[in-house]
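K.L.:
Okay, here's the structure, questions in a sec.
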Amino acid sequence: MSQWVRKGLATGIKTTCYPGREETAPGVSPGLPLGGDYPEKQASELVKRCTVGALSFQNHKLVVDYRRCVHCYRCIRGVTLPIAWQQGYEWATDTNIIETRKKFVRAFDRSLNIIVVDTGDCGACLNEVRQLNNPYYNMHRLGFFITPTPREADVLLIVGPLTDHMREPLRKVYDAIPMPKWVIAVGACALSGGVFSPSFVCDENISEFLPVDVEVPGQPPPPLAILHALLVVAGLKPPASLITQSVSLKHEEVKKQ
């Protein structure tokens, strides 16, 4: 422990420049696949390789369901035409399930207390949430704080597929949080069940059980994507869209690949 303290004092603590400006440090995001115009033969190959059903071919276009993507990279490795890829991290989207909650946005423009509930997570998404407390991300500088007490929480952040034994505990936590409150579902498992759903032990997504306000795709999503979700709740950043992003491939590019 002492050597890390000495190293920190010697090199200085560096915190991400986000959200003040775009973070361009390598490794901050695994990125997401891009749908769009692909030759039918290559698109069919990509769809068959996707084990979680995140890819489909509709109306002569490759469509990506970001709620299901688990970053397995099977669509870019060992295929004739790898899918295009983008390295962004502002993935959080406002689902607008409850329109009346829009009037509560100003209640969250100062600081947020967040309670995190693991409903069956493998540990990946939970670890990414934990990174937000580290010096590099330092979410406290933005007024975001983790609380173990639902009565003090503004935001319920959920990770993992909703397993049967966590239904009642999750409902109790949700009911104990005073209004106004927001629910953030983090990771493909929370949004679609990921590789675990549908099954006899868990639901396909959290929104079937609770009203979800903000969704963060990825498996796991990087810390900056989760930070973006909190900024969306605080009204400091606009939400993204989970509608498939598109890329157009020219015939010359296809032939080269």
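Chain labels run A, B, ... following the order of the structure tokens; each chain numbers its residues from 1, and ligands are numbered from 1 in the order shown.
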Mind listing the alpha helix (DSSP H) residues of segment 8-213 of chain A, per DSSP on the backbone, as a ChimeraX atom specification?
P.N.:
/A:8-11,40-49,124-131,167-176,188-192
K.L.:
Restrict the selected residues to C-alpha atoms and save them as a compact mmCIF listing (two decimals), in the first residue's frame.
P.N.:
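Everything below was put into again13.txt:
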```
# COMPACT_ATOMS: atom_id res chain seq x y z
CA GLY A 8 0.86 8.93 -6.21
CA LEU A 9 2.71 11.72 -4.41
CA ALA A 10 5.59 11.53 -6.88
CA THR A 11 3.55 11.49 -10.09
CA GLU A 40 -26.35 -9.43 -47.61
CA LYS A 41 -23.99 -12.40 -47.63
CA GLN A 42 -21.53 -10.82 -45.18
CA ALA A 43 -24.37 -9.44 -43.04
CA SER A 44 -25.89 -12.92 -42.76
CA GLU A 45 -22.52 -14.25 -41.64
CA LEU A 46 -22.31 -11.60 -38.94
CA VAL A 47 -25.85 -12.32 -37.74
CA LYS A 48 -25.09 -16.05 -37.43
CA ARG A 49 -21.96 -15.38 -35.40
CA ALA A 124 -18.09 -7.18 -14.28
CA CYS A 125 -20.61 -4.31 -14.27
CA LEU A 126 -20.35 -3.94 -10.51
CA ASN A 127 -16.59 -3.52 -10.80
CA GLU A 128 -17.03 -0.80 -13.44
CA VAL A 129 -19.39 1.06 -11.10
CA ARG A 130 -16.82 0.73 -8.33
CA GLN A 131 -14.21 2.42 -10.54
CA ARG A 167 -37.15 -9.63 -6.76
CA GLU A 168 -38.43 -8.88 -3.27
CA PRO A 169 -35.24 -7.15 -2.02
CA LEU A 170 -35.15 -4.95 -5.13
CA ARG A 171 -38.81 -4.00 -4.72
CA LYS A 172 -38.23 -3.10 -1.06
CA VAL A 173 -35.26 -0.88 -1.93
CA TYR A 174 -37.22 0.83 -4.71
CA ASP A 175 -40.23 1.47 -2.46
CA ALA A 176 -37.98 2.86 0.31
CA ALA A 188 -26.71 -5.87 -21.12
CA CYS A 189 -27.82 -8.28 -18.39
CA ALA A 190 -30.03 -5.63 -16.80
CA LEU A 191 -31.35 -4.44 -20.16
CA SER A 192 -32.01 -7.76 -21.88
```
K.L.:
List every residue of segment 177-216 of chain A that DSSP, applied to the backbone of this structure, assigns to strand (DSSP E or B), and report them as a list in words.
P.N.:
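Going through segment 177-216 of chain A, the strand (DSSP E or B) residues come out as Trp182, Val183, Ile184, Ala185, Val186, Cys202, Val214, Glu215 and Val216 of chain A.
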K.L.:
Using the selection just defined, write its residues with N, CA and C atoms as an mmCIF file, in the first residue's frame.
P.N.:
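Once everything was written out, this is again38.cif:
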```
data_model
loop_
_atom_site.group_PDB
_atom_site.id
_atom_site.type_symbol
_atom_site.label_atom_id
_atom_site.label_comp_id
_atom_site.auth_asym_id
_atom_site.auth_seq_id
_atom_site.Cartn_x
_atom_site.Cartn_y
_atom_site.Cartn_z
ATOM 1 N N TRP A 182 -34.943 8.209 -9.611
ATOM 2 C CA TRP A 182 -34.653 7.697 -10.941
ATOM 3 C C TRP A 182 -34.090 6.284 -10.821
ATOM 4 N N VAL A 183 -34.320 5.480 -11.839
ATOM 5 C CA VAL A 183 -33.774 4.122 -11.895
ATOM 6 C C VAL A 183 -32.868 4.020 -13.114
ATOM 7 N N ILE A 184 -31.636 3.590 -12.878
ATOM 8 C CA ILE A 184 -30.668 3.383 -13.959
ATOM 9 C C ILE A 184 -30.357 1.896 -14.052
ATOM 10 N N ALA A 185 -30.555 1.305 -15.213
ATOM 11 C CA ALA A 185 -30.190 -0.091 -15.460
ATOM 12 C C ALA A 185 -28.878 -0.105 -16.219
ATOM 13 N N VAL A 186 -27.882 -0.798 -15.667
ATOM 14 C CA VAL A 186 -26.531 -0.781 -16.216
ATOM 15 C C VAL A 186 -26.147 -2.163 -16.731
ATOM 16 N N CYS A 202 -34.435 -15.984 -14.209
ATOM 17 C CA CYS A 202 -34.327 -14.529 -14.290
ATOM 18 C C CYS A 202 -35.189 -13.974 -15.401
ATOM 19 N N VAL A 214 -33.269 5.375 -17.188
ATOM 20 C CA VAL A 214 -32.058 5.515 -17.991
ATOM 21 C C VAL A 214 -31.419 4.142 -18.165
ATOM 22 N N GLU A 215 -31.039 3.827 -19.398
ATOM 23 C CA GLU A 215 -30.401 2.548 -19.709
ATOM 24 C C GLU A 215 -28.975 2.780 -20.193
ATOM 25 N N VAL A 216 -28.061 1.906 -19.742
ATOM 26 C CA VAL A 216 -26.659 1.981 -20.149
ATOM 27 C C VAL A 216 -26.266 0.637 -20.750
#
```
K.L.:
At a cut-off of 9 Å, using only C-alpha atoms, what residues contact Thr147 of chain A? Leave out same-chain residues fewer than 2 positions from it and give the result as a PyMOL selection string.
P.N.:
chain A and resi 113-116+145+149-150+152-153
K.L.:
Between A:Val195, A:Cys50, A:Ile206, A:Met179, which is the closest to Met166 of chain A once you count only C-alpha atoms?
P.N.:
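The shortest atom-to-atom distance to Met166 of chain A comes from A:Ile206.
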K.L.:
Just give me the gap between atom CA of Pro30 of chain A and atom CA of Arg74 of chain A in Å, one decimal is fine.
P.N.:
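Atom CA of Pro30 of chain A sits 13.6 Å away from atom CA of Arg74 of chain A.
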K.L.:
Which is closer to Ile158 of chain A than all the others in A:Tyr18, A:Tyr137, A:Trp91, A:Phe209, using only C-alpha atoms?
P.N.:
A:Phe209
K.L.:
Could you pull the residues within 6 Å of Ala225 of chain A, counting only C-alpha atoms, minus those fewer than 3 positions along the same chain, as a PyMOL selection string?
P.N.:
chain A and resi 89-91+222+228
K.L.:
I'd like the contact shell of Ile83 of chain A - 10 Å cut-off, only C-alpha atoms, skipping same-chain residues fewer than 4 positions apart - returned as a list in words.
P.N.:
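That gives Leu32, Pro33, Leu34, Gly35, Gly36, Tyr38, Gln42, Ala43, Leu46, Leu62, Tyr73, Arg74, Cys75, Ile76, Arg77, Val79 and Val247 of chain A.
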K.L.:
So that I can check the surroundings of Asp203 of chain A, please list as a list in words every protein, DNA and RNA residue that reaches within 7 Å of it, counting only C-alpha atoms and ignoring chain neighbours fewer than 4 positions away.
P.N.:
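Final neighbour list, sorted by chain and number: Pro161, Leu162, Thr163, Gly193, Ser197 and Pro198 of chain A.
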